[in-house]
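So this one's query17.cif, mmCIF, C-alpha atoms:
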```
data_protein
#
loop_
_atom_site.label_atom_id
_atom_site.label_comp_id
_atom_site.auth_asym_id
_atom_site.auth_seq_id
_atom_site.Cartn_x
_atom_site.Cartn_y
_atom_site.Cartn_z
CA MET C 1 21.31 -91.34 173.13
CA PRO C 2 17.65 -92.32 172.72
CA LEU C 3 17.13 -96.02 172.26
CA LEU C 4 15.45 -97.15 169.07
CA ASN C 5 12.39 -99.12 170.07
CA LYS C 6 14.10 -101.19 172.74
CA VAL C 7 12.00 -104.33 172.79
CA ARG C 8 10.58 -105.79 175.93
CA THR C 9 11.45 -109.35 176.80
CA ALA C 10 8.11 -110.73 177.89
CA LEU C 11 5.33 -112.19 175.84
CA PRO C 12 2.13 -110.20 175.89
CA ALA C 13 0.09 -110.95 178.94
CA GLY C 14 -3.57 -111.67 178.85
CA PRO C 15 -5.99 -114.48 178.19
CA GLY C 16 -4.55 -117.24 176.13
CA ALA C 17 -0.99 -115.93 176.33
CA HIS C 18 0.24 -119.13 177.98
CA THR C 19 -1.26 -121.30 175.22
CA THR C 20 0.42 -119.40 172.42
CA ALA C 21 3.97 -119.64 173.82
CA PRO C 22 4.55 -123.27 172.72
CA SER C 23 3.35 -122.43 169.22
CA LEU C 24 5.74 -119.50 169.05
CA LEU C 25 8.58 -121.73 170.22
CA ARG C 26 7.77 -124.28 167.51
CA LEU C 27 7.62 -121.52 164.92
CA ARG C 28 10.98 -120.16 166.06
CA THR C 29 12.55 -123.61 165.83
CA ALA C 30 11.14 -124.25 162.36
CA LEU C 31 12.25 -120.86 161.07
CA THR C 32 15.72 -121.40 162.52
CA VAL C 33 15.90 -124.68 160.60
CA PHE C 34 15.02 -122.91 157.34
CA PHE C 35 17.66 -120.22 157.90
CA ALA C 36 20.27 -122.92 158.56
CA LEU C 37 19.13 -124.91 155.52
CA ASP C 38 19.46 -121.84 153.30
CA GLY C 39 23.07 -121.29 154.38
CA PHE C 40 23.90 -124.99 154.15
CA LEU C 41 22.60 -125.42 150.60
CA PHE C 42 24.13 -122.22 149.29
CA ALA C 43 27.56 -123.08 150.72
CA GLY C 44 27.27 -126.59 149.30
CA TRP C 45 26.83 -125.09 145.83
CA VAL C 46 29.65 -122.58 146.24
CA VAL C 47 32.31 -125.18 147.09
CA ARG C 48 31.50 -127.09 143.88
CA ILE C 49 31.88 -124.10 141.56
CA PRO C 50 35.45 -125.07 140.53
CA ALA C 51 34.30 -128.59 139.58
CA ILE C 52 31.30 -127.23 137.67
CA LYS C 53 33.61 -124.83 135.81
CA GLN C 54 35.77 -127.75 134.71
CA GLN C 55 32.74 -129.82 133.77
CA THR C 56 31.24 -127.12 131.56
CA GLY C 57 34.59 -126.11 130.05
CA ALA C 58 33.79 -122.46 130.82
CA SER C 59 36.48 -119.80 130.77
CA ALA C 60 36.83 -117.48 133.75
CA GLY C 61 34.88 -114.80 131.88
CA ASP C 62 32.14 -117.22 130.83
CA LEU C 63 31.82 -118.50 134.38
CA GLY C 64 31.54 -114.96 135.69
CA LEU C 65 28.68 -114.25 133.31
CA ALA C 66 26.96 -117.54 134.24
CA LEU C 67 27.25 -116.73 137.93
CA LEU C 68 25.38 -113.49 137.30
CA GLY C 69 22.36 -115.77 136.84
CA VAL C 70 22.25 -116.29 140.61
CA SER C 71 22.30 -112.55 141.22
CA ALA C 72 19.77 -111.72 138.53
CA GLY C 73 17.34 -114.41 139.65
CA ALA C 74 17.67 -113.39 143.29
CA VAL C 75 17.21 -109.66 142.79
CA VAL C 76 14.15 -110.01 140.53
CA THR C 77 12.51 -112.55 142.80
CA MET C 78 13.16 -110.57 145.97
CA VAL C 79 10.94 -107.81 144.65
CA LEU C 80 8.17 -110.22 143.65
CA THR C 81 8.31 -112.31 146.84
CA GLY C 82 7.13 -109.41 148.97
CA ARG C 83 3.88 -109.36 146.98
CA LEU C 84 3.53 -113.14 147.19
CA CYS C 85 3.96 -113.00 150.97
CA ARG C 86 1.27 -110.36 151.28
CA ARG C 87 -1.13 -112.46 149.20
CA PHE C 88 -0.42 -116.00 150.40
CA GLY C 89 1.43 -115.46 153.67
CA SER C 90 5.13 -115.68 154.43
CA HIS C 91 4.96 -119.21 155.83
CA PRO C 92 3.69 -121.02 152.69
CA VAL C 93 6.08 -119.00 150.51
CA THR C 94 9.00 -119.96 152.75
CA VAL C 95 8.16 -123.65 152.43
CA ALA C 96 7.64 -123.44 148.66
CA CYS C 97 10.92 -121.59 148.11
CA GLY C 98 12.76 -124.02 150.39
CA ALA C 99 11.58 -126.95 148.28
CA LEU C 100 12.41 -125.10 145.06
CA MET C 101 15.92 -124.28 146.27
CA ALA C 102 16.51 -127.92 147.21
CA LEU C 103 15.41 -129.03 143.74
CA ALA C 104 17.30 -126.29 141.90
CA ILE C 105 20.65 -127.03 143.55
CA ALA C 106 20.92 -130.28 141.58
CA LEU C 107 20.58 -128.53 138.21
CA PRO C 108 24.08 -126.99 137.78
CA ALA C 109 25.68 -130.44 137.83
CA GLN C 110 23.51 -131.47 134.85
CA THR C 111 24.85 -128.72 132.57
CA ARG C 112 27.63 -129.03 129.99
CA SER C 113 27.96 -125.42 128.83
CA ALA C 114 28.27 -121.98 130.37
CA LEU C 115 25.02 -120.89 128.70
CA ALA C 116 23.07 -123.79 130.20
CA LEU C 117 24.72 -123.15 133.57
CA GLY C 118 23.63 -119.51 133.51
CA ALA C 119 20.06 -120.54 132.69
CA VAL C 120 19.71 -122.99 135.58
CA LEU C 121 21.39 -120.56 137.96
CA LEU C 122 18.56 -118.13 137.25
CA VAL C 123 16.22 -120.72 138.77
CA PHE C 124 18.55 -121.35 141.70
CA GLY C 125 18.95 -117.61 142.29
CA ALA C 126 15.18 -117.11 142.15
CA ALA C 127 14.68 -119.72 144.87
CA TYR C 128 17.52 -118.26 146.96
CA GLY C 129 16.15 -114.73 146.74
CA GLY C 130 12.60 -115.90 147.42
CA ILE C 131 13.37 -117.87 150.54
CA ASN C 132 15.48 -115.05 151.97
CA VAL C 133 12.64 -112.53 151.72
CA ALA C 134 9.94 -114.98 152.83
CA MET C 135 11.72 -116.35 155.89
CA ASN C 136 12.89 -112.89 156.98
CA SER C 137 9.30 -111.66 156.67
CA ALA C 138 8.14 -114.58 158.81
CA ALA C 139 10.90 -113.81 161.31
CA VAL C 140 9.84 -110.16 161.55
CA ASP C 141 6.31 -111.22 162.55
CA LEU C 142 7.66 -113.71 165.07
CA VAL C 143 10.03 -111.14 166.59
CA ALA C 144 7.06 -108.79 167.11
CA ALA C 145 5.04 -111.55 168.76
CA LEU C 146 7.91 -112.65 171.02
CA ARG C 147 8.65 -109.03 171.91
CA ARG C 148 12.35 -109.84 171.97
CA PRO C 149 15.00 -108.80 169.40
CA VAL C 150 15.85 -112.34 168.33
CA MET C 151 16.41 -111.62 164.63
CA PRO C 152 20.22 -112.03 164.93
CA SER C 153 19.73 -115.60 166.14
CA PHE C 154 18.10 -116.53 162.82
CA HIS C 155 20.98 -115.03 160.87
CA ALA C 156 23.40 -116.87 163.16
CA ALA C 157 21.69 -120.09 162.06
CA PHE C 158 22.27 -119.07 158.43
CA SER C 159 25.96 -118.48 159.17
CA LEU C 160 26.32 -121.78 161.01
CA GLY C 161 24.57 -123.59 158.19
CA GLY C 162 26.95 -122.01 155.71
CA MET C 163 30.01 -123.01 157.70
CA LEU C 164 28.71 -126.56 158.02
CA GLY C 165 27.81 -126.74 154.33
CA ALA C 166 31.25 -125.53 153.30
CA GLY C 167 32.92 -127.98 155.66
CA VAL C 168 30.91 -130.96 154.44
CA GLY C 169 31.50 -129.91 150.84
CA ALA C 170 35.25 -129.72 151.38
CA LEU C 171 35.26 -133.20 152.95
CA VAL C 172 33.32 -134.90 150.15
CA ALA C 173 34.74 -132.96 147.20
CA GLY C 174 37.53 -135.47 146.64
CA GLY C 175 35.30 -138.53 146.76
CA LEU C 176 31.97 -137.45 145.27
CA SER C 177 31.26 -136.06 141.85
CA PRO C 178 29.40 -132.74 141.66
CA THR C 179 26.33 -134.63 140.43
CA ALA C 180 26.29 -137.02 143.39
CA HIS C 181 27.02 -134.28 145.91
CA LEU C 182 24.39 -131.84 144.68
CA LEU C 183 21.79 -134.60 144.30
CA ALA C 184 22.49 -135.57 147.91
CA LEU C 185 21.92 -131.94 148.89
CA THR C 186 18.60 -132.03 147.03
CA GLY C 187 17.49 -135.07 149.00
CA PHE C 188 18.64 -133.55 152.27
CA GLY C 189 16.95 -130.21 151.52
CA LEU C 190 13.64 -131.85 150.63
CA LEU C 191 13.81 -134.00 153.77
CA VAL C 192 14.42 -130.99 156.01
CA THR C 193 11.65 -129.03 154.27
CA ALA C 194 9.25 -131.94 154.77
CA PHE C 195 10.20 -132.02 158.46
CA ALA C 196 10.05 -128.29 159.26
CA GLY C 197 7.57 -127.12 156.63
CA PRO C 198 4.38 -128.51 158.19
CA VAL C 199 5.05 -126.50 161.36
CA LEU C 200 4.95 -123.28 159.34
CA LEU C 201 1.93 -124.41 157.33
CA ARG C 202 -0.06 -125.36 160.44
CA HIS C 203 0.65 -122.12 162.25
CA PRO C 204 -0.19 -118.80 160.59
CA ALA C 205 2.03 -115.80 161.17
CA PRO C 206 1.45 -114.43 164.70
CA ALA C 207 -1.06 -111.59 164.78
CA HIS C 208 0.13 -108.32 166.25
CA THR C 209 -0.79 -104.68 165.90
CA ALA C 210 2.45 -102.95 166.68
CA THR C 211 3.09 -101.69 163.16
CA PRO C 212 1.01 -100.17 160.36
CA HIS C 213 1.52 -103.13 158.06
CA ALA C 214 0.27 -105.52 160.76
CA GLN C 215 -2.94 -103.50 160.95
CA GLY C 216 -3.45 -103.80 157.20
CA ARG C 217 -2.55 -100.17 156.44
CA ARG C 218 -0.23 -99.27 153.61
CA PRO C 219 2.99 -97.60 154.81
CA ASP C 220 2.97 -93.84 154.37
CA GLY C 221 5.67 -91.75 152.75
CA ARG C 222 7.64 -91.42 155.99
CA ALA C 223 7.66 -95.18 156.51
CA ARG C 224 8.82 -95.76 152.94
CA ARG C 225 11.67 -93.29 153.41
CA LEU C 226 12.72 -95.05 156.59
CA VAL C 227 12.64 -98.40 154.79
CA LEU C 228 14.96 -96.91 152.18
CA LEU C 229 17.23 -95.67 154.96
CA PHE C 230 17.49 -99.13 156.53
CA GLY C 231 18.05 -100.58 153.06
CA VAL C 232 21.01 -98.23 152.58
CA ILE C 233 22.41 -99.34 155.95
CA ALA C 234 22.08 -102.96 154.80
CA LEU C 235 23.80 -102.08 151.51
CA CYS C 236 26.74 -100.41 153.27
CA THR C 237 27.42 -103.45 155.42
CA ALA C 238 26.71 -106.15 152.81
CA TYR C 239 29.28 -104.40 150.59
CA GLY C 240 31.87 -105.39 153.18
CA GLU C 241 30.72 -109.02 153.28
CA GLY C 242 31.04 -109.35 149.52
CA ALA C 243 34.44 -107.67 149.51
CA MET C 244 35.78 -109.93 152.27
CA ALA C 245 34.60 -113.09 150.53
CA ASP C 246 36.34 -112.26 147.25
CA TRP C 247 39.35 -110.13 148.20
CA GLY C 248 40.34 -110.87 151.80
CA ALA C 249 42.51 -113.91 151.08
CA LEU C 250 44.12 -112.24 148.06
CA HIS C 251 45.07 -109.22 150.17
CA LEU C 252 46.78 -111.42 152.75
CA GLU C 253 48.66 -113.44 150.14
CA GLN C 254 49.50 -110.67 147.68
CA ASP C 255 50.17 -107.70 149.95
CA LEU C 256 51.40 -109.37 153.14
CA ASP C 257 53.10 -112.48 151.66
CA ALA C 258 50.96 -114.92 153.63
CA ALA C 259 51.10 -118.59 152.70
CA PRO C 260 47.97 -119.80 150.84
CA GLY C 261 46.81 -121.78 153.87
CA VAL C 262 47.19 -118.80 156.18
CA ALA C 263 45.48 -116.52 153.66
CA ALA C 264 42.48 -118.86 153.58
CA ILE C 265 42.12 -118.45 157.34
CA GLY C 266 41.22 -114.78 156.86
CA TYR C 267 37.69 -115.29 155.63
CA SER C 268 37.16 -118.19 158.05
CA LEU C 269 38.00 -115.91 160.98
CA PHE C 270 35.71 -113.22 159.60
CA ALA C 271 32.83 -115.69 159.20
CA LEU C 272 33.42 -117.26 162.62
CA ALA C 273 33.47 -113.85 164.32
CA MET C 274 30.30 -112.84 162.51
CA THR C 275 28.57 -116.03 163.67
CA ALA C 276 29.68 -115.42 167.26
CA GLY C 277 28.45 -111.85 167.06
CA ARG C 278 25.05 -112.96 165.83
CA LEU C 279 24.74 -115.59 168.54
CA SER C 280 25.19 -112.82 171.11
CA GLY C 281 23.06 -110.35 169.11
CA THR C 282 19.86 -110.68 171.15
CA PHE C 283 21.78 -110.03 174.37
CA LEU C 284 23.43 -106.93 172.89
CA LEU C 285 20.19 -105.55 171.47
CA GLU C 286 18.38 -105.98 174.77
CA ARG C 287 21.19 -104.18 176.60
CA LEU C 288 21.99 -101.45 174.09
CA GLY C 289 18.85 -100.95 172.01
CA GLN C 290 18.89 -100.94 168.25
CA THR C 291 20.34 -97.50 167.56
CA ARG C 292 23.32 -98.04 169.84
CA ALA C 293 23.84 -101.54 168.45
CA LEU C 294 23.89 -100.20 164.88
CA VAL C 295 26.28 -97.37 165.75
CA ALA C 296 28.57 -99.61 167.79
CA GLY C 297 28.58 -102.26 165.08
CA GLY C 298 29.40 -99.81 162.31
CA THR C 299 32.15 -98.19 164.37
CA THR C 300 33.68 -101.54 165.30
CA ALA C 301 33.58 -102.74 161.68
CA THR C 302 35.27 -99.52 160.58
CA ALA C 303 38.15 -99.97 163.02
CA GLY C 304 38.48 -103.65 162.15
CA MET C 305 38.64 -103.07 158.39
CA LEU C 306 41.15 -100.23 158.70
CA LEU C 307 43.36 -102.58 160.71
CA GLY C 308 42.80 -105.45 158.27
CA ALA C 309 43.55 -103.34 155.20
CA LEU C 310 46.48 -101.28 156.46
CA ALA C 311 48.21 -103.53 159.04
CA PRO C 312 51.86 -104.28 158.23
CA THR C 313 51.72 -107.91 159.39
CA VAL C 314 49.52 -110.89 158.59
CA TRP C 315 48.47 -111.52 162.18
CA LEU C 316 47.36 -107.95 162.76
CA ALA C 317 45.36 -108.11 159.52
CA LEU C 318 43.73 -111.36 160.66
CA ALA C 319 42.81 -109.70 163.96
CA GLY C 320 41.29 -106.83 161.98
CA PHE C 321 39.18 -109.23 159.91
CA ALA C 322 37.84 -110.84 163.08
CA VAL C 323 36.97 -107.47 164.62
CA MET C 324 35.24 -106.49 161.40
CA GLY C 325 33.15 -109.67 161.49
CA LEU C 326 32.03 -108.88 165.03
CA GLY C 327 31.08 -105.36 164.00
CA LEU C 328 29.10 -106.28 160.92
CA ALA C 329 27.38 -109.27 162.53
CA ASN C 330 24.10 -107.70 163.59
CA ILE C 331 23.74 -104.65 161.35
CA PHE C 332 22.11 -106.43 158.42
CA PRO C 333 19.64 -108.43 160.58
CA VAL C 334 18.59 -105.31 162.50
CA ALA C 335 18.17 -103.26 159.30
CA VAL C 336 16.00 -105.93 157.66
CA ALA C 337 13.97 -106.38 160.85
CA ARG C 338 13.27 -102.65 161.11
CA ALA C 339 12.29 -102.43 157.45
CA GLY C 340 9.93 -105.38 157.90
CA ALA C 341 8.38 -103.86 161.03
CA LEU C 342 7.70 -100.67 159.07
CA ALA C 343 6.34 -102.12 155.83
CA GLY C 344 5.93 -105.88 156.18
CA PRO C 345 7.16 -108.22 153.43
CA GLY C 346 7.53 -105.30 151.06
CA GLY C 347 9.92 -103.63 153.49
CA VAL C 348 11.92 -106.84 153.89
CA ALA C 349 12.07 -107.19 150.09
CA ALA C 350 13.27 -103.60 149.62
CA ALA C 351 15.95 -103.76 152.31
CA SER C 352 17.10 -107.25 151.22
CA THR C 353 17.35 -106.18 147.59
CA LEU C 354 19.43 -103.14 148.48
CA GLY C 355 21.59 -105.23 150.80
CA TYR C 356 22.10 -107.95 148.20
CA GLY C 357 22.95 -105.22 145.70
CA GLY C 358 25.68 -104.05 148.06
CA MET C 359 27.07 -107.57 148.27
CA LEU C 360 27.17 -107.70 144.46
CA LEU C 361 28.63 -104.22 144.16
CA GLY C 362 31.47 -104.80 146.61
CA PRO C 363 33.74 -107.26 144.75
CA PRO C 364 33.81 -105.50 141.34
CA ALA C 365 34.12 -102.06 142.95
CA ILE C 366 37.10 -103.26 145.00
CA GLY C 367 38.63 -104.70 141.83
CA PHE C 368 38.34 -101.46 139.87
CA LEU C 369 39.70 -99.40 142.76
CA ALA C 370 42.58 -101.83 143.31
CA GLN C 371 43.55 -101.52 139.66
CA TRP C 372 43.43 -97.74 139.89
CA SER C 373 45.30 -97.53 143.20
CA SER C 374 46.09 -100.60 145.34
CA LEU C 375 44.14 -103.37 147.03
CA PRO C 376 44.76 -102.10 150.61
CA VAL C 377 43.50 -98.66 149.65
CA ALA C 378 40.49 -100.19 147.87
CA LEU C 379 39.61 -102.21 150.97
CA THR C 380 39.42 -99.02 153.03
CA THR C 381 36.16 -98.26 151.19
CA VAL C 382 34.65 -101.06 153.27
CA ALA C 383 35.61 -99.12 156.39
CA ALA C 384 34.20 -95.93 154.89
CA LEU C 385 30.81 -97.52 154.17
CA SER C 386 30.69 -99.15 157.62
CA ALA C 387 31.27 -95.73 159.11
CA ALA C 388 28.54 -94.33 156.86
CA ALA C 389 26.11 -96.95 158.20
CA ALA C 390 26.93 -95.87 161.76
CA VAL C 391 26.47 -92.19 160.90
CA ILE C 392 23.14 -92.83 159.16
CA ALA C 393 21.86 -94.85 162.12
CA TYR C 394 22.90 -92.17 164.60
CA GLY C 395 21.64 -89.29 162.46
CA SER C 396 18.22 -90.87 162.06
CA ARG C 397 17.76 -91.81 165.71
CA ARG C 398 15.03 -89.20 166.31
CA ALA C 399 13.17 -90.03 163.08
CA THR C 400 13.03 -93.71 164.04
CA ALA C 401 12.53 -93.34 167.80
CA GLY C 402 8.75 -93.66 167.55
CA VAL C 403 8.71 -96.49 165.01
#
```
Target format structure tokens, applied to this file:
Amino acid sequence: MPLLNKVRTALPAGPGAHTTAPSLLRLRTALTVFFALDGFLFAGWVVRIPAIKQQTGASAGDLGLALLGVSAGAVVTMVLTGRLCRRFGSHPVTVACGALMALAIALPAQTRSALALGAVLLVFGAAYGGINVAMNSAAVDLVAALRRPVMPSFHAAFSLGGMLGAGVGALVAGGLSPTAHLLALTGFGLLVTAFAGPVLLRHPAPAHTATPHAQGRRPDGRARRLVLLFGVIALCTAYGEGAMADWGALHLEQDLDAAPGVAAIGYSLFALAMTAGRLSGTFLLERLGQTRALVAGGTTATAGMLLGALAPTVWLALAGFAVMGLGLANIFPVAVARAGALAGPGGVAAASTLGYGGMLLGPPAIGFLAQWSSLPVALTTVAALSAAAAVIAYGSRRATAGV
């Protein structure tokens, strides 16, 4: 099977190469911090949703509508952020969105109605969508300069930040009010942005000429079609992430009679396996190449979800969730990286928007299918889309071989 642009591991040789390596290392560290901060802040907000619901007096339906503010703000801003990155650069936009996200996370705790909550979540969602496109765009440029497929390591930082944010939130939830907790997150986020931001502002995005967008040329029709293809791959896999977050524990408790504590372990195992997979992602990409990594990941996720959805015992289902996390771990980062290499920030924005759309589509689609049939059967659609991602990646291997 032809490898898809297997990336060399050395920095470009030549005059001045040795002086740029420390700058690239500092950039990588700063970007890693922003990825971790994004996951940490978002998880910190998520664990306080029940308390915010009680504070606002919102019904389940009203809360659901208010939470759409995050999605709406993120999707709209993702499209716009690509243009902002092209005009001002991905580094300044990353810093600005990081500061905005830190400020916006304090707003939900100040609301007393579902309508007000929905309005402030538009702002929070806009910052969340903006920083995801901007920092992924910056990471794409850095990956090209390093000439190593290190994109999964950034997404591993996001996963680790999310796990840490959820853990801290669970520890302080009983002793701190939502207002105090989210204000503390604002202070922490601004402090981290002030620490890591100047590194990005002092160092422009690394210059490279490996892709049309880096040379200032607009992507042609073929490149745009390939960006769409990678966006569909991101959508197929993000669908599974959204489904696992909202339906995994319910499946274990409802269909397999797991105790609530055991059921809660399901998503934790999935998230932990995904983090481990991303930490080893660079190694796998260097050994397998990107096409094989995508195909292997999709195939593994398919097998894992079939086991998780159809297993007759809790422990087999938990094993399936872990296998699925390992399979999905690197597909989204690789898809976004390839889209960015093809079309710059606009490519990152397109693939991220499609991927985020898949994450939003997953939970309600699973719900409708579960009502029509059963939850285990509905969860098999996750396996079907993971398999589709593998098939698309394999089927397009020749079209992408020269990209």
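With the shown file loaded, the PyMOL selection byres ((chain C and resi 235-237) around 6) picks out C:Val232, C:Ile233, C:Ala234, C:Ala238, C:Tyr239, C:Gly240, C:Leu354, C:Gly355, C:Gly358, C:Leu385, C:Ser386.
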Using all atoms listed in the file, I'd like a table of the residues in stretch 146-252 of chain C that come within 12 Å of stretch 311-316 of chain C; for each, show the closest atom pair and its distance in Å rounded to one decimal, ordered by chain and ascending number, as JSON lines.
```
{"residue": "C:Gly248", "atom": "CA", "partner": "C:Val314", "partner_atom": "CA", "distance": 11.4}
{"residue": "C:Ala249", "atom": "CA", "partner": "C:Val314", "partner_atom": "CA", "distance": 10.7}
{"residue": "C:Leu250", "atom": "CA", "partner": "C:Val314", "partner_atom": "CA", "distance": 11.9}
{"residue": "C:His251", "atom": "CA", "partner": "C:Val314", "partner_atom": "CA", "distance": 9.7}
{"residue": "C:Leu252", "atom": "CA", "partner": "C:Val314", "partner_atom": "CA", "distance": 6.5}
```
Let me see the file: selected residues, C-alpha atoms, as a short mmCIF file (atom, residue, chain, number, x, y, z; two decimals), keeping the file's coordinate frame.
```
data_model
loop_
_atom_site.label_atom_id
_atom_site.label_comp_id
_atom_site.auth_asym_id
_atom_site.auth_seq_id
_atom_site.Cartn_x
_atom_site.Cartn_y
_atom_site.Cartn_z
CA GLY C 248 40.34 -110.87 151.80
CA ALA C 249 42.51 -113.91 151.08
CA LEU C 250 44.12 -112.24 148.06
CA HIS C 251 45.07 -109.22 150.17
CA LEU C 252 46.78 -111.42 152.75
#
```
Next on the checklist: Please report the interatomic distance between atom CA of C:Gly277 and atom CA of C:Phe34 in Å with one decimal.
Outcome noted: 19.9 Å
Checklist entry - Applied to this file, what does the PyMOL selection byres ((chain C and resi 282) around 9) return in terms of residues, put as a list in words? => result Arg148, Pro149, Val150, Met151, Pro152, Ser153, Arg278, Leu279, Ser280, Gly281, Phe283, Leu284, Leu285, Glu286 and Arg287 of chain C
Item to check | Residues matched by the PyMOL selection byres ((chain C and resi 123) around 10) as a VMD selection string | outcome: chain C and resid 69 to 70 72 to 74 77 100 to 101 103 to 105 107 118 to 122 124 to 129
Checklist entry - Restricting the calculation to all atoms listed in the file, which member of C:Gly298, C:Gly320, C:Gly344, C:Gly242 is positioned closest to C:Pro363? => result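 Of all the options, C:Gly242 lies closest to C:Pro363.
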Checklist entry - With distances taken over only C-alpha atoms, which of C:Met78, C:Val47, C:Gly89, C:Ser23 is nearest to C:Val172? => result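 Checking each candidate against C:Val172, we get C:Val47 as the closest.
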Give one line per residue of stretch 61-149 of chain C that approaches stretch 173-177 of chain C to at most 12 Å, naming the two atoms of the closest pair and their distance in Å to one decimal, counting only C-alpha atoms; sort by chain then ascending residue number and deliver it as JSON lines.
```
{"residue": "C:Ala106", "atom": "CA", "partner": "C:Ser177", "partner_atom": "CA", "distance": 11.8}
{"residue": "C:Ala109", "atom": "CA", "partner": "C:Ser177", "partner_atom": "CA", "distance": 8.9}
{"residue": "C:Gln110", "atom": "CA", "partner": "C:Ser177", "partner_atom": "CA", "distance": 11.4}
```
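The closest residue to C:Leu272, picked from C:Ala343, C:Ala156, C:Val391, C:Val382 and counting only C-alpha atoms, is C:Ala156.
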Item to check | Point-to-point distance from atom CA of C:Ala166 to atom CA of C:Ala43, Å rounded to tenths | outcome: 5.1 Å
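Pairwise distance (atom CA of C:Pro376, atom CA of C:Gly308) equals 8.6 Å.
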Taking every listed atom of stretch 343-356 of chain C and adding 3 Å to each side, what centre and edge lengths in Å (one decimal) does the axis-aligned box have, as JSON?
```
{"center_x": 14.0, "center_y": -105.2, "center_z": 151.9, "size_x": 22.2, "size_y": 12.1, "size_z": 14.6}
```
Next on the checklist: Counting only C-alpha atoms, which residue out of C:Ser396, C:Val93, C:Tyr267, C:Asn136 sits closest to C:Arg225?
Outcome noted: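 Answer, going by the shortest atom-to-atom distance: C:Ser396.
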Next on the checklist: Using all atoms listed in the file, can you tell me which of C:Ile131, C:Leu24, C:Leu164, C:Leu228 comes closest to C:Val75?
Outcome noted: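 When distances to C:Val75 are compared using all atoms listed in the file, the smallest one comes from C:Ile131.
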Item to check | C:His203, C:Arg398, C:His181, C:Arg338 ranked by distance to C:Gly231, top pick (using only C-alpha atoms) | outcome: C:Arg338
Next on the checklist: If we count only C-alpha atoms and set the cut-off at 10 Å, which residues sit around C:Ser374, ignoring sequence neighbours fewer than 6 positions away in its own chain? Please answer as number ranges by chain.
Outcome noted: C: 251, 255, 366-368
All residues 6 Å or closer to C:Met274, only C-alpha atoms, same chain fewer than 3 positions away omitted, as a PDB file with C-alpha atoms, keeping the file's coordinate frame:
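Dumped to result37.pdb:
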```
ATOM      1  CA  ALA C 271      32.830-115.690 159.200  1.00  0.00           C
ATOM      2  CA  GLY C 277      28.450-111.850 167.060  1.00  0.00           C
ATOM      3  CA  GLY C 325      33.150-109.670 161.490  1.00  0.00           C
ATOM      4  CA  LEU C 326      32.030-108.880 165.030  1.00  0.00           C
ATOM      5  CA  ALA C 329      27.380-109.270 162.530  1.00  0.00           C
TER       6      ALA C 329
END
```
